[in-house]
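Notes for the one structure printed next.
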Amino acid sequence: METRKLGVGIVGGGYMGKAHSVAMHAVGAVFDTALRPALEMICTTTPEGAARKASELGFSNSTSDWRELVNNPAVEAIVIASPQETHLEISKAAFDLGKPVFCEKPLGRNLADSRAMTAAAKASNCINMVGFNYIRTPASQLAREIISSGEIGDVTYIRGEHTEDFFADPESPATWRTQGRSNGTMGDLAPHIINASQALGGPMERVLAEIETVVKERPGKSGMQKVTNDDHAQIMCRFMSGALGAFYVSRTAFGRKMGYAYDIFGTKGSIRFDQEDQNALWLYEGGQNPSREGFKKVLTGPHHPDYVNFCLGAGHGTGYQDQIIIEARDFLKAIETGTNIWPTFQDGLYVNQVVEASWQSSESRSWINIDQV
């Protein structure tokens with residue numbers, strides 16, 4: 001297969017900026033992609049920090065001005081891994097130049113930003129993708145295959161959660177994450193499980209939600225500081241398919257480190273998954289001998305989606321970074337073929353609609369239809 005270089009620029013050098021940098025280095029070797037990323041420029045908040053990250057992560061150039069990165073002729077595609085409030089301006093500038101954009105979730109800091117970003121993507125006809133990596137594990141891809149093939153029948157109920165405990169301790173100090181609605185649990189963790197529900201059960205019709213702040217003050221540099229966003233939430237929903245759903249998201253769930261989990265019940269069987277055991281999917285098939293009834297643990301292996309590119313042995317497992325590499329492959333494939341691959345900005349907009357509908361429901365204490373938001 002003939003290959004060609006694709007100049008990539010990444011805005012953001014933190015946790016996700018590093019993950020995407022590593023993925024772009026590895027994706028060509030892992031998936032033998034036709035497009036081979038060349039890390040042209042990285043942007044962080046200071047010139048010194050950007051230069052350091054460029055040296056650490058293997059970029060040719062660095063800057064503290066995202067405009068310089070976007071306008072660099074050598075940068076042909078852009079990955080946005082910076083704070084949510086920057087996503088709109090950066091993506092619009094990139095689309096104006098006809099450059100493909102991969103944007104970390106959530107798409108925008110609010111629904112208005114996400115609508116503007118989606119409109120800009122559509123008007124430019126550029127490739128666009130939003131970063132939801134957890135749904136790309138081989139096990140969750142397998143779950144999607146099982147559901148779409150009808151193996152568990154019609155889906156009747158989905159229970160999902162995204163629970164972590166990084167703010168479970170009330171003495172954990174206040175940070176930027178405790179300030180502003182977009183940085184709360186509904187802006188940070190909820191989008192992942194909402195995206196999973198979209199992939200596994202289709203779009204929601206309406207929601208009923210309650211959203212709360214558990215720890216209302218946290219230690220700050222000059223005494224106790226008020227927490228201005230949410231710690232946890234519960235969301236009931238009705239899917240457009242007719243299925244019911246219930247979701248819980250929390251950053252104060254003691255003991256949960258990566259509680260991205262779901263149970264899916266159908267008319268012929270059911271599925272269970274937990275990201276803390278991400279290389280296994282639990283499958284219950286109806287009609288079993290009563291003396292042998294039970295869930296079967298399916299260990300992911302070379303026969304499951306995208307697994308064999310990382311490992312030849314079943315049960316050996318893939319990890320978090322591998323999910324980002326799969327994302328990178330999808331983004332490159334979309335650019336190569338000129339055809340968007342799920343999840344696009346439009347799909348990211350849907351997630352923001354569900355988040356906003358949940359806020360409206362919590363504030364009005366009533367059911368809210370997604371299409372009215």
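As shown in the structure tokens, the chain order sets the letters A, B, ...; within each chain, residues go from 1, and ligands are also counted from 1 in the order they appear.
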Handout entry: Residue neighbourhood range 153-168 of chain A, 8 Å, only C-alpha atoms, exclusion window fewer than 6 positions, as a ChimeraX atom specification
Key = /A:147,189-190,192-193,197,201,242-269
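Inside range 275-329 of chain A, the residues DSSP reads as helix (DSSP H, G or I) when given the backbone are Gln275, Glu276, Asp277, Pro290, Ser291, Arg292, Tyr320, Gln321, Asp322, Gln323, Ile324, Ile325, Ile326, Glu327, Ala328 and Arg329 of chain A.
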Would you save the residues from that selection as a PDB file, in the first residue's frame, using C-alpha atoms?
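result_33.pdb, written as the output of this step:
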```pdb
ATOM      1  CA  GLN A 275     -14.102  -0.724  31.961  1.00  0.00           C
ATOM      2  CA  GLU A 276     -12.084  -1.727  35.026  1.00  0.00           C
ATOM      3  CA  ASP A 277     -12.063  -5.190  33.410  1.00  0.00           C
ATOM      4  CA  PRO A 290     -31.752 -24.349  33.972  1.00  0.00           C
ATOM      5  CA  SER A 291     -28.975 -26.286  35.714  1.00  0.00           C
ATOM      6  CA  ARG A 292     -26.326 -24.434  33.672  1.00  0.00           C
ATOM      7  CA  TYR A 320      -6.199   2.777  27.523  1.00  0.00           C
ATOM      8  CA  GLN A 321      -3.554   4.056  25.102  1.00  0.00           C
ATOM      9  CA  ASP A 322      -4.670   1.481  22.542  1.00  0.00           C
ATOM     10  CA  GLN A 323      -8.142   3.062  22.511  1.00  0.00           C
ATOM     11  CA  ILE A 324      -6.547   6.368  21.493  1.00  0.00           C
ATOM     12  CA  ILE A 325      -4.576   4.625  18.744  1.00  0.00           C
ATOM     13  CA  ILE A 326      -7.822   3.149  17.377  1.00  0.00           C
ATOM     14  CA  GLU A 327      -9.272   6.683  17.411  1.00  0.00           C
ATOM     15  CA  ALA A 328      -6.258   7.940  15.477  1.00  0.00           C
ATOM     16  CA  ARG A 329      -6.731   5.175  12.889  1.00  0.00           C
TER      17      ARG A 329
END
```
Handout entry: Per-residue DSSP, range 199-350 of chain A, filtered to strand (DSSP E or B), as a PyMOL selection string
Key = chain A and resi 204-212+217-220+223-226+232-239+244-250+259-266+269-274+280-285+296-299
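If you look at CA of Pro219 in chain A and CA of Glu171 in chain A, they are 6.6 Å away from each other.
Proximity ranking of A:Arg144, A:Arg238, A:Arg109, A:Lys122 relative to Asn369 in chain A places A:Arg238 first, based on only C-alpha atoms.
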Handout entry: Who sits within 8 Å of Lys226 in chain A, only C-alpha atoms, same chain under 6 positions skipped, as a PyMOL selection string
Key = chain A and resi 216-218
Exercise for the section: State, in Å with one decimal place, the distance from CA of Ile80 in chain A to CA of Asp32 in chain A. Expected result: 23.9 Å
Handout entry: Non-local contacts of Lys333 in chain A (8 Å; only C-alpha atoms; under 3 positions in same chain excluded) as JSON, numbers by chain
Key = {"A": [33, 35, 329, 330, 336, 337]}
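Of the residues under consideration (A:Asn289, A:Asn110, A:Gln278, A:Asn309), A:Asn110 shows the shortest atom-to-atom contact distance to Trp359 in chain A when counting only C-alpha atoms.
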Problem - A:Glu40, A:Thr45, A:Ile235, A:Thr339 ranked by distance to Glu356 in chain A, top pick (using only C-alpha atoms) - result: A:Ile235
Exercise for the section: Write out as a list in words which residues come within 9 Å of Ile211 in chain A when counting only C-alpha atoms, dropping same-chain ones fewer than 2 positions away. Expected result: Met186, Ala209, Thr213, Asp230, Asp231, His232, Ala233, Gln234, Ile235, Ser358, Trp359, Ser362 and Glu363 of chain A
Output file for the residues above (C-alpha atoms, as a PDB file, in the first residue's frame):
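That gives us part.pdb:
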```pdb
ATOM      1  CA  MET A 186     -22.058  16.469  33.808  1.00  0.00           C
ATOM      2  CA  ALA A 209     -32.539  13.999  35.899  1.00  0.00           C
ATOM      3  CA  THR A 213     -23.026  18.949  44.487  1.00  0.00           C
ATOM      4  CA  ASP A 230     -21.783  19.231  40.252  1.00  0.00           C
ATOM      5  CA  ASP A 231     -20.371  16.058  41.798  1.00  0.00           C
ATOM      6  CA  HIS A 232     -22.929  13.458  40.785  1.00  0.00           C
ATOM      7  CA  ALA A 233     -26.182  12.947  38.885  1.00  0.00           C
ATOM      8  CA  GLN A 234     -28.807  10.355  38.027  1.00  0.00           C
ATOM      9  CA  ILE A 235     -30.594  10.327  34.696  1.00  0.00           C
ATOM     10  CA  SER A 358     -30.619  16.844  31.937  1.00  0.00           C
ATOM     11  CA  TRP A 359     -29.795  20.233  33.468  1.00  0.00           C
ATOM     12  CA  SER A 362     -33.027  18.826  37.179  1.00  0.00           C
ATOM     13  CA  GLU A 363     -33.869  22.512  37.474  1.00  0.00           C
TER      14      GLU A 363
END
```
